[in-house]
Amino acid sequence: MRVYMKRLILIVIVCGLLWIIMPYSQRIEIPSMSKSSDLQNMEKRIDILKLELSNQMDKSKVLLEKVAELKEALDSKRVNLKGKGDGKTLDTARNLVLPILVIACDRVTVSRCLENLVKYRPDKRMFPIIVSQDCGHNATYRVIKSFTDSDPSITVVRQPDQSAIALPKTKVKFAGYYKIARHFKFALDHVLHTLGHDAVIIVEDDLDISQDFYEYFLGTYPLLLEDDSLWCISAWNDNGKRDVIDLSAPELLHRTDFFPGLGWMIMRHTWTKLAEEWPPAFFDDWLRNPMNTDGKACIRPEISRTHTFGKIGVSKGLFYENHLKSMHLNTKYVEFTKLDLSYLLKKFYDPALEETVSSLPVTTADQLEAMPRGSDAVKLTYSNARSFQHQARVLGLMDDFRSGVPRTAYRGIVTCMYRGRRVYLVPSFPWEKYDPSWG
Ligand code: UD1
Ligand code: MN
C-alpha cells in the first residue's frame with residue numbers, strides 16, 4: 001500500500017511537473033521559430049528596399065539628366081524674344097546657321113574684311129563664311145584662297161558670268177552697278193537656293209565690323225522670324241555720325257522704311273520673292289522703293305555695326321569723303337541675345353512711337369539751333385520736301401530721298417540726337433505713305 005501510494009505521489013508530481021513545464025516548453029520553442037522567420041522576413045524586406053532604392057536612384061538619375069537637358073535647352077533659347085513676344089523662339093538655336101556672304105571683286109583688301117570677320121566670329125559652325133568673287137581678278141582670288149585653304153569654315157565661289165553687259169552709250173558709265181546687281185543675284189541664289197540656307201548676312205568687301213556684329217544679327221534674327229512686317233536687319237545707320245547719335249545707347253535699335261544696306265540680313269523666302277523682280281542695276285535703290293518690298297521695314301541700330309573703308313569704289317569716293325568717312329562704328333559690346341527686343345515688333349513699336357511723338361513739344365530747327373544744350377526731347381514738323389530738307393540740314397542729317405523715303409525714316413518720322421536731346425522730325429500732316437515726287 002505504501003509503495004502504491006509512493007508511486008501515485010510520484011505520478012502526480014511528474015504530471016504536475018509536466019503540466020507546468022509543457023506551456024513553458026511551448027513558449028520557449030515557439031519564439032525561437034518566429035525569430036528565424038522574422039529574420040528571413042527582414043532580409044526579404046531589406047532586399048526589396050534595396051531594389052526600390054536602386055530603382056529610385058535610377059529614376060533620380062534620369063530626372064537629373066532631364067533637368068540638365070532642359071537647362072541646356074533653356075540656355076540655347078537665350079536667342080529669343082524675351083518678355084512680350086509671341087513666343088516663337090529659336091527651338092533649333094543649337095542648329096542655327098547664319099552664313100556670312102562676302103561680296104568680293106578686285107580689291108585685295110578683302111583680306112582686311114575677312115580678318116575682322118574671322119577675329120570676331122564666336123562660332124565657326126554657326127557662322128560659316130562664304131566669299132563670292134566677281135570680276136575674275138586673280139590676285140584677289142589668291143588672297144581669298146589663303147583664308148579658305150587654312151579654314152574649312154571659309155569657302156569661295158566665283159561668279160561664272162563675266163560677260164560684258166551690253167548697255168546704251170548713256171548708261172555705260174553705270175556698268176559697275178549692273179555688274180554688282182548681277183553678282184548679288186548670283187551670290188544670293190548660291191547661298192539661299194543652291195546651298196539652301198534659311199538666311200544670310202551680306203557683307204561687302206570694304207566693310208569693317210564692330211566686335212558685337214555677330215551678336216547683333218543673332219539677337220535680332222528672331223525679330224525676322226516673328227514679325228512679318230520686317231524684311232531685313234541692317235547693321236548701318238544712314239545718319240550715324242557722332243554728333244547726331246546717342247553714344248550712351250549702343251543697345252538702342254529702330255525700325256526704318258529706308259533700306260540701309262552695308263551689312264544686312266534677309267531670309268530665304270524674302271529673297272525668293274525679290275529674286276523674281278531683281279533689277280539689272282542700282283539694286284540698293286530698288287530695295288528702297290516700298291513697292292518692291294511690300295512696304296515692309298528693316299531694323300537698324302542707333303550706332304552702326306559696320307564702317308566702310310572702300311574709298312575708291314564704284315560710286316567714286318566723293319560720297320565717301322563728305323559723308324561715309326565720319327560715320328561712327330560702335331565700340332561698346334552689347335549682348336543683344338540677352339536683351340528683350342520685343343519693343344521692335346510692329347504691334348508694340350508703332351503705338352509707342354505715336355504716343356511719344358504726340359506728347360512732345362513742337363519747335364523749329366532754327367529755334368533749336370538757338371537753344372542751349374539740354375536733355376528734353378523735342379519735335380520738329382515738316383509739311384513738304386523743302387521743309388524736311390531745310391531742317392535735316394540744320395540737324396546735320398542726310399537730306400536726300402529715295403522713292404520719296406528720307407534716310408532712316410519710319411512712317412515719315414526721322415529721329416536723331418541734337419546737342420544732348422532726342423529730336424523727332426515728324427510730318428505735320430496725317431502720314432499715310434511716302435510721296436515719290438519728293439525725290
Ligand atoms: C554702292 C554702295 C553699295 C552697293 C552698291 C550697289 C555704299 C557705301 N556702297 O557701292 O553698298 O552695294 O553701291 O548699288 O553705299 N562688286 C562686284 N562686282 C563689280 C564691282 C563691285 O561684285 O563689278 C562688289 C564689290 O566687291 C563690293 C560691292 O560690289 O562688295 C560694292 O562695290 P563698291 O566698289 O564698294 O561700290 P560702292 O560705291 O561702295
Ligand atoms: Mn563700297
# chains A, B, ... in the order shown; residues from 1 in each chain; ligands from 1
>>> residues_near_ligand(ligand="ligand 2", cutoff="7 Å", atoms="only C-alpha atoms and all ligand atoms", output="list in words")
Glu204, Asp206, Thr308, Gly310 and Gly313 of chain A
>>> select_by_dssp(residues="stretch 231-358 of chain A", states="helix (DSSP H, G or I)", output="count of residues only")
49
>>> residues_around(residues="stretch 148-151 of chain A", least_positions_apart="2", cutoff="10 Å", atoms="only C-alpha atoms", output="PDB file with N, CA, C and O atoms, in the first residue's frame")
ATOM      1  N   VAL A 118      36.833  86.919 -89.202  1.00  0.00           N
ATOM      2  CA  VAL A 118      37.391  85.754 -88.507  1.00  0.00           C
ATOM      3  C   VAL A 118      37.673  86.100 -87.040  1.00  0.00           C
ATOM      4  O   VAL A 118      37.357  85.331 -86.138  1.00  0.00           O
ATOM      5  N   LYS A 124      32.370  79.030 -85.505  1.00  0.00           N
ATOM      6  CA  LYS A 124      32.594  78.724 -86.932  1.00  0.00           C
ATOM      7  C   LYS A 124      31.429  77.979 -87.547  1.00  0.00           C
ATOM      8  O   LYS A 124      31.096  78.157 -88.706  1.00  0.00           O
ATOM      9  N   ILE A 129      31.659  81.286 -93.400  1.00  0.00           N
ATOM     10  CA  ILE A 129      31.895  82.453 -94.271  1.00  0.00           C
ATOM     11  C   ILE A 129      31.994  81.967 -95.716  1.00  0.00           C
ATOM     12  O   ILE A 129      32.783  81.075 -96.030  1.00  0.00           O
ATOM     13  N   ILE A 130      31.157  82.543 -96.570  1.00  0.00           N
ATOM     14  CA  ILE A 130      31.166  82.170 -97.990  1.00  0.00           C
ATOM     15  C   ILE A 130      31.545  83.420 -98.780  1.00  0.00           C
ATOM     16  O   ILE A 130      30.821  84.414 -98.752  1.00  0.00           O
ATOM     17  N   VAL A 131      32.680  83.365 -99.444  1.00  0.00           N
ATOM     18  CA  VAL A 131      33.089  84.519-100.241  1.00  0.00           C
ATOM     19  C   VAL A 131      32.634  84.273-101.675  1.00  0.00           C
ATOM     20  O   VAL A 131      32.905  83.214-102.250  1.00  0.00           O
ATOM     21  N   ARG A 142      43.610  84.865-105.018  1.00  0.00           N
ATOM     22  CA  ARG A 142      44.690  84.242-104.237  1.00  0.00           C
ATOM     23  C   ARG A 142      44.604  84.647-102.760  1.00  0.00           C
ATOM     24  O   ARG A 142      44.829  83.833-101.869  1.00  0.00           O
ATOM     25  N   VAL A 143      44.251  85.921-102.533  1.00  0.00           N
ATOM     26  CA  VAL A 143      44.099  86.392-101.143  1.00  0.00           C
ATOM     27  C   VAL A 143      42.975  85.604-100.458  1.00  0.00           C
ATOM     28  O   VAL A 143      43.126  85.118 -99.330  1.00  0.00           O
ATOM     29  N   ILE A 144      41.866  85.461-101.165  1.00  0.00           N
ATOM     30  CA  ILE A 144      40.716  84.733-100.589  1.00  0.00           C
ATOM     31  C   ILE A 144      41.116  83.282-100.321  1.00  0.00           C
ATOM     32  O   ILE A 144      40.817  82.723 -99.260  1.00  0.00           O
ATOM     33  N   LYS A 145      41.842  82.673-101.284  1.00  0.00           N
ATOM     34  CA  LYS A 145      42.279  81.281-101.138  1.00  0.00           C
ATOM     35  C   LYS A 145      43.149  81.078 -99.898  1.00  0.00           C
ATOM     36  O   LYS A 145      43.111  80.035 -99.256  1.00  0.00           O
ATOM     37  N   SER A 146      43.935  82.109 -99.569  1.00  0.00           N
ATOM     38  CA  SER A 146      44.807  81.961 -98.388  1.00  0.00           C
ATOM     39  C   SER A 146      43.967  81.797 -97.117  1.00  0.00           C
ATOM     40  O   SER A 146      44.414  81.202 -96.149  1.00  0.00           O
ATOM     41  N   SER A 153      35.813  76.313 -92.683  1.00  0.00           N
ATOM     42  CA  SER A 153      34.545  77.026 -92.485  1.00  0.00           C
ATOM     43  C   SER A 153      34.476  78.292 -93.346  1.00  0.00           C
ATOM     44  O   SER A 153      33.495  79.027 -93.317  1.00  0.00           O
ATOM     45  N   ILE A 154      35.545  78.538 -94.108  1.00  0.00           N
ATOM     46  CA  ILE A 154      35.536  79.654 -95.078  1.00  0.00           C
ATOM     47  C   ILE A 154      35.636  79.038 -96.474  1.00  0.00           C
ATOM     48  O   ILE A 154      36.541  78.251 -96.742  1.00  0.00           O
ATOM     49  N   THR A 155      34.684  79.383 -97.337  1.00  0.00           N
ATOM     50  CA  THR A 155      34.721  78.820 -98.693  1.00  0.00           C
ATOM     51  C   THR A 155      34.603  79.952 -99.715  1.00  0.00           C
ATOM     52  O   THR A 155      34.213  81.063 -99.377  1.00  0.00           O
ATOM     53  N   VAL A 156      34.930  79.621-100.957  1.00  0.00           N
ATOM     54  CA  VAL A 156      34.847  80.646-102.004  1.00  0.00           C
ATOM     55  C   VAL A 156      34.125  80.077-103.217  1.00  0.00           C
ATOM     56  O   VAL A 156      34.246  78.900-103.536  1.00  0.00           O
TER      57      VAL A 156
END
>>> residues_near_ligand(ligand="ligand 1", cutoff="9 Å", atoms="only C-alpha atoms and all ligand atoms", output="PyMOL selection string")
chain A and resi 102-107+110+132-135+159+175-184+203-207+260-263+281-285+307-317+319-320+324
>>> residues_around(residues="A:Asp238", least_positions_apart="4", cutoff="8 Å", atoms="only C-alpha atoms", output="PyMOL selection string")
chain A and resi 260+398+407-408
>>> closest_atom_pairs(of="stretch 237-335 of chain A", to="stretch 350-374 of chain A", cutoff="12 Å", atoms="only C-alpha atoms", output="CSV")
residue,atom,partner,partner_atom,distance
A:His254,CA,A:Leu353,CA,10.3
A:Arg255,CA,A:Asp350,CA,9.3
A:Thr256,CA,A:Asp350,CA,11.4
A:Ala297,CA,A:Asp350,CA,11.8
>>> write_last_selection(atoms="N, CA, C and O atoms", output="PDB file, in the first residue's frame")
ATOM      1  N   HIS A 254      16.130 100.612 -83.963  1.00  0.00           N
ATOM      2  CA  HIS A 254      14.943 101.276 -84.512  1.00  0.00           C
ATOM      3  C   HIS A 254      14.394 100.475 -85.688  1.00  0.00           C
ATOM      4  O   HIS A 254      15.104  99.690 -86.303  1.00  0.00           O
ATOM      5  N   ARG A 255      13.176 100.794 -86.057  1.00  0.00           N
ATOM      6  CA  ARG A 255      12.625 100.304 -87.329  1.00  0.00           C
ATOM      7  C   ARG A 255      12.866 101.394 -88.367  1.00  0.00           C
ATOM      8  O   ARG A 255      12.893 102.581 -88.029  1.00  0.00           O
ATOM      9  N   THR A 256      13.071 101.012 -89.604  1.00  0.00           N
ATOM     10  CA  THR A 256      13.204 102.011 -90.668  1.00  0.00           C
ATOM     11  C   THR A 256      12.590 101.517 -91.973  1.00  0.00           C
ATOM     12  O   THR A 256      12.644 100.326 -92.290  1.00  0.00           O
ATOM     13  N   ALA A 297       9.475  96.905 -93.392  1.00  0.00           N
ATOM     14  CA  ALA A 297      10.554  97.709 -92.796  1.00  0.00           C
ATOM     15  C   ALA A 297      11.793  96.883 -92.489  1.00  0.00           C
ATOM     16  O   ALA A 297      11.788  95.654 -92.613  1.00  0.00           O
TER      17      ALA A 297
END
>>> atom_distance(atom1="atom CA of A:Val157", atom2="atom CA of A:Val200")
15.3 Å
>>> residues_around(residues="A:His197", least_positions_apart="5", cutoff="8 Å", atoms="only C-alpha atoms", output="PyMOL selection string")
chain A and resi 97-99+191-192+268
>>> residues_around(residues="A:Val423", least_positions_apart="4", cutoff="7 Å", atoms="only C-alpha atoms", output="MDAnalysis selection string")
chainID A and resid 377:379 415:418
>>> residues_around(residues="stretch 428-433 of chain A", least_positions_apart="4", cutoff="6 Å", atoms="only C-alpha atoms", output="PyMOL selection string")
chain A and resi 381-383
>>> write_last_selection(atoms="N, CA and C atoms", output="mmCIF file, in the first residue's frame")
data_model
loop_
_atom_site.group_PDB
_atom_site.id
_atom_site.type_symbol
_atom_site.label_atom_id
_atom_site.label_comp_id
_atom_site.auth_asym_id
_atom_site.auth_seq_id
_atom_site.Cartn_x
_atom_site.Cartn_y
_atom_site.Cartn_z
ATOM 1 N N THR A 381 8.416 119.724 -87.068
ATOM 2 C CA THR A 381 7.486 119.191 -88.072
ATOM 3 C C THR A 381 7.868 119.677 -89.466
ATOM 4 N N TYR A 382 7.513 118.894 -90.470
ATOM 5 C CA TYR A 382 7.716 119.285 -91.866
ATOM 6 C C TYR A 382 6.450 118.996 -92.649
ATOM 7 N N SER A 383 6.225 119.830 -93.680
ATOM 8 C CA SER A 383 4.992 119.656 -94.443
ATOM 9 C C SER A 383 5.263 119.284 -95.891
#
>>> closest_residue(among="A:Pro160, A:Pro406, A:Gly196, A:Pro128", to="A:Leu114", atoms="only C-alpha atoms")
A:Pro128
>>> select_by_dssp(residues="stretch 74-195 of chain A", states="strand (DSSP E or B)", output="list in words")
Ile100, Leu101, Val102, Ile103, Ala104, Ile129, Ile130, Val131, Ser132, Gln133, Ile154, Thr155, Val156, Val157 and Arg158 of chain A
>>> decode(residues="stretch 168-190 of chain A", atoms="N, CA, C and O atoms", output="short mmCIF file (atom, residue, chain, number, x, y, z; two decimals), in the first residue's frame")
data_model
loop_
_atom_site.label_atom_id
_atom_site.label_comp_id
_atom_site.auth_asym_id
_atom_site.auth_seq_id
_atom_site.Cartn_x
_atom_site.Cartn_y
_atom_site.Cartn_z
N PRO A 168 23.38 100.90 -123.54
CA PRO A 168 23.39 102.08 -124.43
C PRO A 168 24.46 103.06 -123.92
O PRO A 168 24.80 103.05 -122.73
N LYS A 169 24.94 103.90 -124.84
CA LYS A 169 26.04 104.83 -124.52
C LYS A 169 25.81 105.61 -123.22
O LYS A 169 26.72 105.79 -122.41
N THR A 170 24.58 106.07 -123.04
CA THR A 170 24.28 106.92 -121.87
C THR A 170 24.41 106.16 -120.55
O THR A 170 24.53 106.75 -119.49
N LYS A 171 24.36 104.85 -120.66
CA LYS A 171 24.40 104.07 -119.40
C LYS A 171 25.73 103.36 -119.15
O LYS A 171 25.91 102.74 -118.10
N VAL A 172 26.64 103.49 -120.11
CA VAL A 172 27.92 102.78 -119.97
C VAL A 172 28.62 103.14 -118.66
O VAL A 172 29.23 102.29 -118.00
N LYS A 173 28.48 104.41 -118.28
CA LYS A 173 29.16 104.83 -117.04
C LYS A 173 28.60 104.14 -115.79
O LYS A 173 29.22 104.16 -114.73
N PHE A 174 27.47 103.52 -115.96
CA PHE A 174 26.87 102.81 -114.81
C PHE A 174 27.15 101.30 -114.86
O PHE A 174 26.56 100.53 -114.09
N ALA A 175 28.03 100.88 -115.76
CA ALA A 175 28.27 99.43 -115.95
C ALA A 175 28.56 98.73 -114.62
O ALA A 175 28.11 97.60 -114.37
N GLY A 176 29.32 99.41 -113.78
CA GLY A 176 29.68 98.82 -112.47
C GLY A 176 28.44 98.43 -111.67
O GLY A 176 28.39 97.35 -111.06
N TYR A 177 27.43 99.28 -111.70
CA TYR A 177 26.21 98.99 -110.93
C TYR A 177 25.45 97.80 -111.52
O TYR A 177 24.76 97.08 -110.81
N TYR A 178 25.57 97.64 -112.85
CA TYR A 178 24.94 96.47 -113.50
C TYR A 178 25.64 95.19 -113.06
O TYR A 178 25.02 94.18 -112.76
N LYS A 179 26.98 95.28 -113.02
CA LYS A 179 27.74 94.09 -112.62
C LYS A 179 27.47 93.73 -111.17
O LYS A 179 27.36 92.54 -110.82
N ILE A 180 27.37 94.75 -110.33
CA ILE A 180 27.10 94.49 -108.90
C ILE A 180 25.75 93.80 -108.73
O ILE A 180 25.63 92.81 -108.02
N ALA A 181 24.74 94.32 -109.44
CA ALA A 181 23.40 93.72 -109.32
C ALA A 181 23.41 92.26 -109.80
O ALA A 181 22.80 91.38 -109.18
N ARG A 182 24.14 92.02 -110.89
CA ARG A 182 24.24 90.65 -111.43
C ARG A 182 24.95 89.74 -110.43
O ARG A 182 24.54 88.61 -110.20
N HIS A 183 26.00 90.28 -109.82
CA HIS A 183 26.75 89.47 -108.85
C HIS A 183 25.90 89.15 -107.61
O HIS A 183 25.90 88.01 -107.14
N PHE A 184 25.21 90.15 -107.10
CA PHE A 184 24.37 89.91 -105.91
C PHE A 184 23.33 88.83 -106.20
O PHE A 184 23.05 87.98 -105.36
N LYS A 185 22.77 88.88 -107.41
CA LYS A 185 21.76 87.89 -107.78
C LYS A 185 22.36 86.48 -107.72
O LYS A 185 21.80 85.57 -107.12
N PHE A 186 23.54 86.35 -108.35
CA PHE A 186 24.21 85.05 -108.35
C PHE A 186 24.52 84.60 -106.91
O PHE A 186 24.23 83.47 -106.52
N ALA A 187 25.12 85.51 -106.14
CA ALA A 187 25.61 85.14 -104.81
C ALA A 187 24.47 84.77 -103.86
O ALA A 187 24.56 83.80 -103.10
N LEU A 188 23.38 85.54 -103.90
CA LEU A 188 22.25 85.24 -103.02
C LEU A 188 21.55 83.95 -103.43
O LEU A 188 21.15 83.15 -102.59
N ASP A 189 21.45 83.75 -104.76
CA ASP A 189 20.90 82.47 -105.24
C ASP A 189 21.76 81.31 -104.76
O ASP A 189 21.25 80.27 -104.32
N HIS A 190 23.07 81.50 -104.83
CA HIS A 190 24.00 80.44 -104.44
C HIS A 190 23.81 80.06 -102.97
O HIS A 190 23.66 78.88 -102.63
#
